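Worksheet: the structure to be examined is printed underneath.
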Amino acid sequence: MRTLMFIAACAVVGLTWADTSSTVVKVYSLDVKERVQNLELINVTAEKVASEEAEEPDAELQAILDDVETIEREAQ
Amino acid sequence: MGPKRGIMMLIASLAGFALQPVWAGAAYPFDDSGYLGDAALMPDWSATMQRQGQQSPDLQACIKDAEACESFYKGIRHLLLKAAALPPERQIKLINHYVNRKRYKYDRASRIETPFSNEPLKYRSRWATVEEFIRRGGDCEDYATTKYFLLRQLGFPIDQLRVVVTYDRQARAHHAILAVKRTDGKVLLLESDNQIRLGRRHTYRFIYSVNEKSIWDHESVSTTSRMIHHQKERPA
């Protein structure tokens, strides 16, 4: 038990040590243009369904959303 | 202290160090750390902003006069006029819900050559303007860019908004969200699943972000900063 507590304390020290809140010096192995081109090649695709944890819009916002939906349906 | 305990202490410390970004679910760094360069360096994003600029006069004309509205802008007109009367927090919520209702549509695979890979061809995302998204739907980065442009239309300043690309460890895919910095300094992450999170999500690794002015590279900062032991940045 004492050993476990000791390990946990060490982990906390490690986490604190790893905190990067202070300012840092940036080092890039690629030049900026190459890095930007690499970033732009990332294919961003994740699809998310509506979460049950998400807060529903209140009556006022819901009414606006419903009106917009009606207008868009009629405009098609 | 015996050697056994010393080794255990070392392993535990290293584990804590390595797990920190995963465990803590690092908050989105909405400051200038990781500044990479001007937004114009990113051709796709730059082209999207240019198209949005070209399409914007039609939207402005529509907002002023319903008769001038193209059919696909009529709903947006109502949305923006109603939203204009709301406080910022509710504008954010309204825009998030409105955009998330739209049809999800994967990018058409565009084949391009790249000098950074042995593979001759790659696919990449295409970023949509408001008009393109309203007419055709889009995938997650299009949800984020449309929220960005609609909030800009409502008067949110550039410096408060960023389209952020993350790697979602849960979905095992790259994902885009919109980050909005409130006037009190807190950061909201607008999700395409309708949630609005306060600054962080434990499954995200933030990769880069863009707004109309700049690009920030969050990955380089998070990896290299650990190796450089928190040296202070010298002013240029």
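Going through the structure tokens in order, the chains are called A, B, and so on, while each chain numbers its residues from 1 and the ligands are numbered from 1 in the order shown.
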
message: Residues within 9 Å of Glu69 in chain A, please, as a list of chain:residue names. Count only C-alpha atoms; anything in the same chain fewer than 5 positions from it doesn't count.
response: A:Ile64, A:Glu74, B:Gly75

Write a file of the selected residues as a PDB file, in the first residue's frame, keeping N, CA and C atoms.
ATOM      1  N   ILE A  64     -36.742  29.769 -33.810  1.00  0.00           N
ATOM      2  CA  ILE A  64     -35.964  30.346 -34.930  1.00  0.00           C
ATOM      3  C   ILE A  64     -35.525  29.231 -35.880  1.00  0.00           C
ATOM      4  N   GLU A  74     -39.490  25.676 -48.218  1.00  0.00           N
ATOM      5  CA  GLU A  74     -40.345  26.365 -49.202  1.00  0.00           C
ATOM      6  C   GLU A  74     -39.529  26.945 -50.361  1.00  0.00           C
TER       7      GLU A  74
ATOM      8  N   GLY B  75     -33.223  31.227 -45.936  1.00  0.00           N
ATOM      9  CA  GLY B  75     -33.193  30.719 -44.560  1.00  0.00           C
ATOM     10  C   GLY B  75     -32.100  31.381 -43.750  1.00  0.00           C
TER      11      GLY B  75
END

Could you write out as a PDB file with N, CA and C atoms, in the first residue's frame the residues of chain A within 6 Å of chain B, counting only C-alpha atoms?
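And here's out.pdb as it stands now:
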ATOM      1  N   ILE A   7       4.290   5.421  -5.543  1.00  0.00           N
ATOM      2  CA  ILE A   7       4.255   5.478  -7.015  1.00  0.00           C
ATOM      3  C   ILE A   7       3.302   6.581  -7.485  1.00  0.00           C
ATOM      4  N   CYS A  10       4.877   9.892  -7.111  1.00  0.00           N
ATOM      5  CA  CYS A  10       5.877  10.117  -8.161  1.00  0.00           C
ATOM      6  C   CYS A  10       5.207  10.487  -9.482  1.00  0.00           C
ATOM      7  N   ALA A  11       4.064   9.822  -9.751  1.00  0.00           N
ATOM      8  CA  ALA A  11       3.331  10.130 -11.000  1.00  0.00           C
ATOM      9  C   ALA A  11       2.858  11.573 -10.989  1.00  0.00           C
ATOM     10  N   GLY A  14       5.663  13.742 -11.770  1.00  0.00           N
ATOM     11  CA  GLY A  14       5.928  13.663 -13.214  1.00  0.00           C
ATOM     12  C   GLY A  14       4.970  14.527 -14.004  1.00  0.00           C
ATOM     13  N   LEU A  15       3.689  14.488 -13.632  1.00  0.00           N
ATOM     14  CA  LEU A  15       2.668  15.294 -14.327  1.00  0.00           C
ATOM     15  C   LEU A  15       2.970  16.785 -14.174  1.00  0.00           C
ATOM     16  N   ALA A  18       5.724  17.807 -16.281  1.00  0.00           N
ATOM     17  CA  ALA A  18       5.387  17.819 -17.702  1.00  0.00           C
ATOM     18  C   ALA A  18       4.507  18.985 -18.088  1.00  0.00           C
ATOM     19  N   THR A  23       6.117  29.674 -21.261  1.00  0.00           N
ATOM     20  CA  THR A  23       6.421  29.904 -22.671  1.00  0.00           C
ATOM     21  C   THR A  23       7.541  28.971 -23.129  1.00  0.00           C
ATOM     22  N   VAL A  24       7.538  28.659 -24.411  1.00  0.00           N
ATOM     23  CA  VAL A  24       8.486  27.683 -24.938  1.00  0.00           C
ATOM     24  C   VAL A  24       9.141  28.217 -26.201  1.00  0.00           C
ATOM     25  N   VAL A  25      10.240  27.613 -26.529  1.00  0.00           N
ATOM     26  CA  VAL A  25      10.888  27.931 -27.792  1.00  0.00           C
ATOM     27  C   VAL A  25      10.434  26.895 -28.810  1.00  0.00           C
ATOM     28  N   LEU A  41      -2.516  18.296 -46.163  1.00  0.00           N
ATOM     29  CA  LEU A  41      -2.806  16.968 -46.717  1.00  0.00           C
ATOM     30  C   LEU A  41      -3.666  16.119 -45.776  1.00  0.00           C
ATOM     31  N   ASN A  43      -6.601  14.560 -44.173  1.00  0.00           N
ATOM     32  CA  ASN A  43      -7.985  14.406 -44.616  1.00  0.00           C
ATOM     33  C   ASN A  43      -8.899  14.427 -43.391  1.00  0.00           C
ATOM     34  N   VAL A  44      -9.695  15.457 -43.310  1.00  0.00           N
ATOM     35  CA  VAL A  44     -10.528  15.683 -42.116  1.00  0.00           C
ATOM     36  C   VAL A  44     -11.916  15.121 -42.391  1.00  0.00           C
ATOM     37  N   THR A  45     -12.259  14.033 -41.718  1.00  0.00           N
ATOM     38  CA  THR A  45     -13.468  13.309 -42.142  1.00  0.00           C
ATOM     39  C   THR A  45     -14.409  12.871 -41.030  1.00  0.00           C
ATOM     40  N   ALA A  46     -14.034  13.039 -39.775  1.00  0.00           N
ATOM     41  CA  ALA A  46     -14.829  12.427 -38.703  1.00  0.00           C
ATOM     42  C   ALA A  46     -16.291  12.865 -38.758  1.00  0.00           C
ATOM     43  N   LYS A  48     -19.902  12.953 -36.842  1.00  0.00           N
ATOM     44  CA  LYS A  48     -20.435  12.851 -35.476  1.00  0.00           C
ATOM     45  C   LYS A  48     -21.957  12.927 -35.521  1.00  0.00           C
ATOM     46  N   VAL A  49     -22.577  12.014 -34.829  1.00  0.00           N
ATOM     47  CA  VAL A  49     -24.037  12.101 -34.732  1.00  0.00           C
ATOM     48  C   VAL A  49     -24.382  12.967 -33.525  1.00  0.00           C
ATOM     49  N   ALA A  50     -25.593  13.477 -33.534  1.00  0.00           N
ATOM     50  CA  ALA A  50     -26.004  14.366 -32.438  1.00  0.00           C
ATOM     51  C   ALA A  50     -25.867  13.647 -31.099  1.00  0.00           C
ATOM     52  N   SER A  51     -25.229  14.300 -30.158  1.00  0.00           N
ATOM     53  CA  SER A  51     -24.993  13.691 -28.851  1.00  0.00           C
ATOM     54  C   SER A  51     -26.228  13.840 -27.960  1.00  0.00           C
ATOM     55  N   ALA A  54     -25.853  16.633 -25.417  1.00  0.00           N
ATOM     56  CA  ALA A  54     -25.906  18.035 -25.842  1.00  0.00           C
ATOM     57  C   ALA A  54     -27.184  18.702 -25.330  1.00  0.00           C
ATOM     58  N   VAL A  68     -36.529  28.804 -39.825  1.00  0.00           N
ATOM     59  CA  VAL A  68     -35.497  28.729 -40.876  1.00  0.00           C
ATOM     60  C   VAL A  68     -35.702  27.466 -41.715  1.00  0.00           C
ATOM     61  N   ILE A  71     -38.619  27.974 -44.035  1.00  0.00           N
ATOM     62  CA  ILE A  71     -38.255  28.887 -45.146  1.00  0.00           C
ATOM     63  C   ILE A  71     -37.397  28.154 -46.172  1.00  0.00           C
ATOM     64  N   GLU A  72     -36.430  27.388 -45.689  1.00  0.00           N
ATOM     65  CA  GLU A  72     -35.531  26.674 -46.611  1.00  0.00           C
ATOM     66  C   GLU A  72     -36.287  25.603 -47.401  1.00  0.00           C
ATOM     67  N   ALA A  75     -38.282  27.314 -50.061  1.00  0.00           N
ATOM     68  CA  ALA A  75     -37.438  27.939 -51.092  1.00  0.00           C
ATOM     69  C   ALA A  75     -36.897  26.928 -52.103  1.00  0.00           C
TER      70      ALA A  75
END

To test your reading of the structure, identify every residue in range 173-206 of chain B that backbone DSSP assigns to strand (DSSP E), and report it as a PDB file with N, CA and C atoms, in the first residue's frame.
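The resulting file, result-v6.pdb, is shown below:
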ATOM      1  N   ALA B 173     -10.017   9.313 -36.263  1.00  0.00           N
ATOM      2  CA  ALA B 173     -10.068  10.108 -37.507  1.00  0.00           C
ATOM      3  C   ALA B 173      -9.776  11.557 -37.169  1.00  0.00           C
ATOM      4  N   HIS B 174      -9.394  12.273 -38.191  1.00  0.00           N
ATOM      5  CA  HIS B 174      -9.203  13.706 -37.996  1.00  0.00           C
ATOM      6  C   HIS B 174     -10.551  14.401 -38.015  1.00  0.00           C
ATOM      7  N   HIS B 175     -10.636  15.449 -37.247  1.00  0.00           N
ATOM      8  CA  HIS B 175     -11.920  16.109 -37.047  1.00  0.00           C
ATOM      9  C   HIS B 175     -11.679  17.615 -36.988  1.00  0.00           C
ATOM     10  N   ALA B 176     -12.666  18.391 -37.428  1.00  0.00           N
ATOM     11  CA  ALA B 176     -12.536  19.848 -37.347  1.00  0.00           C
ATOM     12  C   ALA B 176     -13.652  20.412 -36.484  1.00  0.00           C
ATOM     13  N   ILE B 177     -13.308  21.392 -35.686  1.00  0.00           N
ATOM     14  CA  ILE B 177     -14.284  22.061 -34.823  1.00  0.00           C
ATOM     15  C   ILE B 177     -14.018  23.563 -34.902  1.00  0.00           C
ATOM     16  N   LEU B 178     -14.944  24.335 -34.344  1.00  0.00           N
ATOM     17  CA  LEU B 178     -14.696  25.776 -34.269  1.00  0.00           C
ATOM     18  C   LEU B 178     -14.418  26.153 -32.816  1.00  0.00           C
ATOM     19  N   ALA B 179     -13.316  26.864 -32.604  1.00  0.00           N
ATOM     20  CA  ALA B 179     -13.013  27.371 -31.262  1.00  0.00           C
ATOM     21  C   ALA B 179     -13.375  28.851 -31.209  1.00  0.00           C
ATOM     22  N   VAL B 180     -14.107  29.224 -30.161  1.00  0.00           N
ATOM     23  CA  VAL B 180     -14.501  30.624 -29.970  1.00  0.00           C
ATOM     24  C   VAL B 180     -13.984  31.081 -28.610  1.00  0.00           C
ATOM     25  N   LYS B 181     -13.187  32.130 -28.626  1.00  0.00           N
ATOM     26  CA  LYS B 181     -12.692  32.678 -27.360  1.00  0.00           C
ATOM     27  C   LYS B 181     -13.655  33.753 -26.882  1.00  0.00           C
ATOM     28  N   VAL B 187     -12.585  29.452 -23.560  1.00  0.00           N
ATOM     29  CA  VAL B 187     -12.667  28.989 -24.949  1.00  0.00           C
ATOM     30  C   VAL B 187     -13.775  27.951 -25.088  1.00  0.00           C
ATOM     31  N   LEU B 188     -14.628  28.171 -26.079  1.00  0.00           N
ATOM     32  CA  LEU B 188     -15.698  27.215 -26.358  1.00  0.00           C
ATOM     33  C   LEU B 188     -15.341  26.430 -27.606  1.00  0.00           C
ATOM     34  N   LEU B 189     -15.551  25.126 -27.569  1.00  0.00           N
ATOM     35  CA  LEU B 189     -15.328  24.287 -28.748  1.00  0.00           C
ATOM     36  C   LEU B 189     -16.686  23.872 -29.292  1.00  0.00           C
ATOM     37  N   LEU B 190     -17.006  24.328 -30.497  1.00  0.00           N
ATOM     38  CA  LEU B 190     -18.316  24.045 -31.094  1.00  0.00           C
ATOM     39  C   LEU B 190     -18.213  22.757 -31.907  1.00  0.00           C
ATOM     40  N   ILE B 196     -21.274  21.966 -26.942  1.00  0.00           N
ATOM     41  CA  ILE B 196     -20.346  23.087 -26.860  1.00  0.00           C
ATOM     42  C   ILE B 196     -19.504  22.841 -25.617  1.00  0.00           C
ATOM     43  N   ARG B 197     -18.247  22.514 -25.824  1.00  0.00           N
ATOM     44  CA  ARG B 197     -17.374  22.130 -24.704  1.00  0.00           C
ATOM     45  C   ARG B 197     -16.536  23.321 -24.256  1.00  0.00           C
ATOM     46  N   LEU B 198     -16.206  23.307 -22.981  1.00  0.00           N
ATOM     47  CA  LEU B 198     -15.407  24.395 -22.432  1.00  0.00           C
ATOM     48  C   LEU B 198     -13.922  24.046 -22.546  1.00  0.00           C
ATOM     49  N   TYR B 204      -9.134  14.389 -27.748  1.00  0.00           N
ATOM     50  CA  TYR B 204      -8.570  15.190 -28.848  1.00  0.00           C
ATOM     51  C   TYR B 204      -7.079  15.443 -28.698  1.00  0.00           C
ATOM     52  N   ARG B 205      -6.406  15.363 -29.819  1.00  0.00           N
ATOM     53  CA  ARG B 205      -5.042  15.898 -29.926  1.00  0.00           C
ATOM     54  C   ARG B 205      -5.138  17.037 -30.933  1.00  0.00           C
ATOM     55  N   PHE B 206      -4.893  18.248 -30.473  1.00  0.00           N
ATOM     56  CA  PHE B 206      -5.020  19.412 -31.360  1.00  0.00           C
ATOM     57  C   PHE B 206      -3.826  19.452 -32.311  1.00  0.00           C
TER      58      PHE B 206
END

- prompt: Out of chain A, which residues get helix (DSSP H, G or I) from DSSP, as a ChimeraX atom specification?
  reply: /A:2-18,32-40,59-75

Let me see the file: selected residues, N, CA and C atoms, as a short mmCIF file (atom, residue, chain, number, x, y, z; two decimals), in the first residue's frame.
data_model
loop_
_atom_site.label_atom_id
_atom_site.label_comp_id
_atom_site.auth_asym_id
_atom_site.auth_seq_id
_atom_site.Cartn_x
_atom_site.Cartn_y
_atom_site.Cartn_z
N ARG A 2 1.91 1.21 0.88
CA ARG A 2 2.81 2.36 0.97
C ARG A 2 3.54 2.58 -0.37
N THR A 3 3.89 1.42 -1.00
CA THR A 3 4.59 1.50 -2.29
C THR A 3 3.69 2.13 -3.35
N LEU A 4 2.40 1.71 -3.33
CA LEU A 4 1.44 2.26 -4.30
C LEU A 4 1.30 3.77 -4.13
N MET A 5 1.21 4.20 -2.86
CA MET A 5 1.09 5.63 -2.59
C MET A 5 2.34 6.37 -3.07
N PHE A 6 3.45 5.73 -2.89
CA PHE A 6 4.72 6.32 -3.32
C PHE A 6 4.75 6.49 -4.84
N ILE A 7 4.29 5.42 -5.54
CA ILE A 7 4.25 5.48 -7.02
C ILE A 7 3.30 6.58 -7.49
N ALA A 8 2.12 6.66 -6.82
CA ALA A 8 1.15 7.70 -7.19
C ALA A 8 1.74 9.09 -7.00
N ALA A 9 2.47 9.27 -5.89
CA ALA A 9 3.09 10.58 -5.62
C ALA A 9 4.11 10.91 -6.70
N CYS A 10 4.88 9.89 -7.11
CA CYS A 10 5.88 10.12 -8.16
C CYS A 10 5.21 10.49 -9.48
N ALA A 11 4.06 9.82 -9.75
CA ALA A 11 3.33 10.13 -11.00
C ALA A 11 2.86 11.57 -10.99
N VAL A 12 2.38 12.03 -9.83
CA VAL A 12 1.93 13.43 -9.71
C VAL A 12 3.09 14.38 -9.96
N VAL A 13 4.26 14.04 -9.40
CA VAL A 13 5.45 14.87 -9.63
C VAL A 13 5.77 14.92 -11.12
N GLY A 14 5.66 13.74 -11.77
CA GLY A 14 5.93 13.66 -13.21
C GLY A 14 4.97 14.53 -14.00
N LEU A 15 3.69 14.49 -13.63
CA LEU A 15 2.67 15.29 -14.33
C LEU A 15 2.97 16.79 -14.17
N THR A 16 3.34 17.16 -12.95
CA THR A 16 3.64 18.57 -12.70
C THR A 16 4.84 19.01 -13.53
N TRP A 17 5.83 18.13 -13.58
CA TRP A 17 7.04 18.42 -14.33
C TRP A 17 6.73 18.58 -15.82
N ALA A 18 5.72 17.81 -16.28
CA ALA A 18 5.39 17.82 -17.70
C ALA A 18 4.51 18.99 -18.09
N VAL A 32 8.60 26.17 -42.76
CA VAL A 32 7.18 26.49 -42.57
C VAL A 32 6.33 26.05 -43.75
N LYS A 33 6.84 26.27 -44.94
CA LYS A 33 6.05 25.96 -46.13
C LYS A 33 5.78 24.46 -46.23
N GLU A 34 6.80 23.66 -45.97
CA GLU A 34 6.63 22.20 -46.02
C GLU A 34 5.64 21.75 -44.95
N ARG A 35 5.78 22.32 -43.77
CA ARG A 35 4.90 21.95 -42.66
C ARG A 35 3.44 22.28 -43.02
N VAL A 36 3.22 23.45 -43.59
CA VAL A 36 1.86 23.84 -43.97
C VAL A 36 1.31 22.88 -45.03
N GLN A 37 2.16 22.53 -45.98
CA GLN A 37 1.69 21.61 -47.03
C GLN A 37 1.34 20.24 -46.43
N ASN A 38 2.14 19.81 -45.47
CA ASN A 38 1.84 18.54 -44.81
C ASN A 38 0.53 18.61 -44.04
N LEU A 39 0.31 19.74 -43.37
CA LEU A 39 -0.94 19.89 -42.61
C LEU A 39 -2.14 19.88 -43.53
N GLU A 40 -1.96 20.49 -44.68
CA GLU A 40 -3.08 20.59 -45.60
C GLU A 40 -3.44 19.24 -46.22
N ALA A 59 -36.80 27.23 -26.11
CA ALA A 59 -37.98 27.49 -26.96
C ALA A 59 -37.72 28.59 -27.99
N GLU A 60 -37.03 29.66 -27.56
CA GLU A 60 -36.78 30.78 -28.46
C GLU A 60 -35.89 30.36 -29.64
N LEU A 61 -34.79 29.68 -29.32
CA LEU A 61 -33.88 29.24 -30.37
C LEU A 61 -34.53 28.18 -31.26
N GLN A 62 -35.29 27.30 -30.63
CA GLN A 62 -35.96 26.25 -31.39
C GLN A 62 -36.95 26.85 -32.40
N ALA A 63 -37.65 27.90 -31.95
CA ALA A 63 -38.62 28.55 -32.85
C ALA A 63 -37.90 29.16 -34.06
N ILE A 64 -36.74 29.77 -33.81
CA ILE A 64 -35.96 30.35 -34.93
C ILE A 64 -35.52 29.23 -35.88
N LEU A 65 -35.01 28.16 -35.31
CA LEU A 65 -34.53 27.04 -36.14
C LEU A 65 -35.67 26.43 -36.97
N ASP A 66 -36.83 26.32 -36.34
CA ASP A 66 -37.99 25.77 -37.07
C ASP A 66 -38.41 26.69 -38.20
N ASP A 67 -38.43 28.00 -37.93
CA ASP A 67 -38.79 28.97 -38.98
C ASP A 67 -37.82 28.88 -40.16
N VAL A 68 -36.53 28.80 -39.82
CA VAL A 68 -35.50 28.73 -40.88
C VAL A 68 -35.70 27.47 -41.72
N GLU A 69 -36.00 26.38 -41.02
CA GLU A 69 -36.19 25.11 -41.74
C GLU A 69 -37.38 25.21 -42.70
N THR A 70 -38.46 25.84 -42.23
CA THR A 70 -39.66 26.01 -43.07
C THR A 70 -39.33 26.88 -44.29
N ILE A 71 -38.62 27.97 -44.04
CA ILE A 71 -38.25 28.89 -45.15
C ILE A 71 -37.40 28.15 -46.17
N GLU A 72 -36.43 27.39 -45.69
CA GLU A 72 -35.53 26.67 -46.61
C GLU A 72 -36.29 25.60 -47.40
N ARG A 73 -37.24 24.94 -46.74
CA ARG A 73 -38.02 23.90 -47.44
C ARG A 73 -38.87 24.54 -48.54
N GLU A 74 -39.49 25.68 -48.22
CA GLU A 74 -40.34 26.36 -49.20
C GLU A 74 -39.53 26.94 -50.36
N ALA A 75 -38.28 27.31 -50.06
CA ALA A 75 -37.44 27.94 -51.09
C ALA A 75 -36.90 26.93 -52.10
#

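Closest approach to Lys147 in chain B from the set B:Ile63, B:Gly6, B:Arg162, B:Ala68 is made by B:Arg162, with distances taken over only C-alpha atoms.
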
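If you look at CA of Arg103 in chain B and CA of Phe133 in chain B, they are 8.9 Å away from each other.
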
field: For CA of Gln160 in chain B and CA of Met49 in chain B, the interatomic separation in Å (one decimal)
entry: 16.9 Å
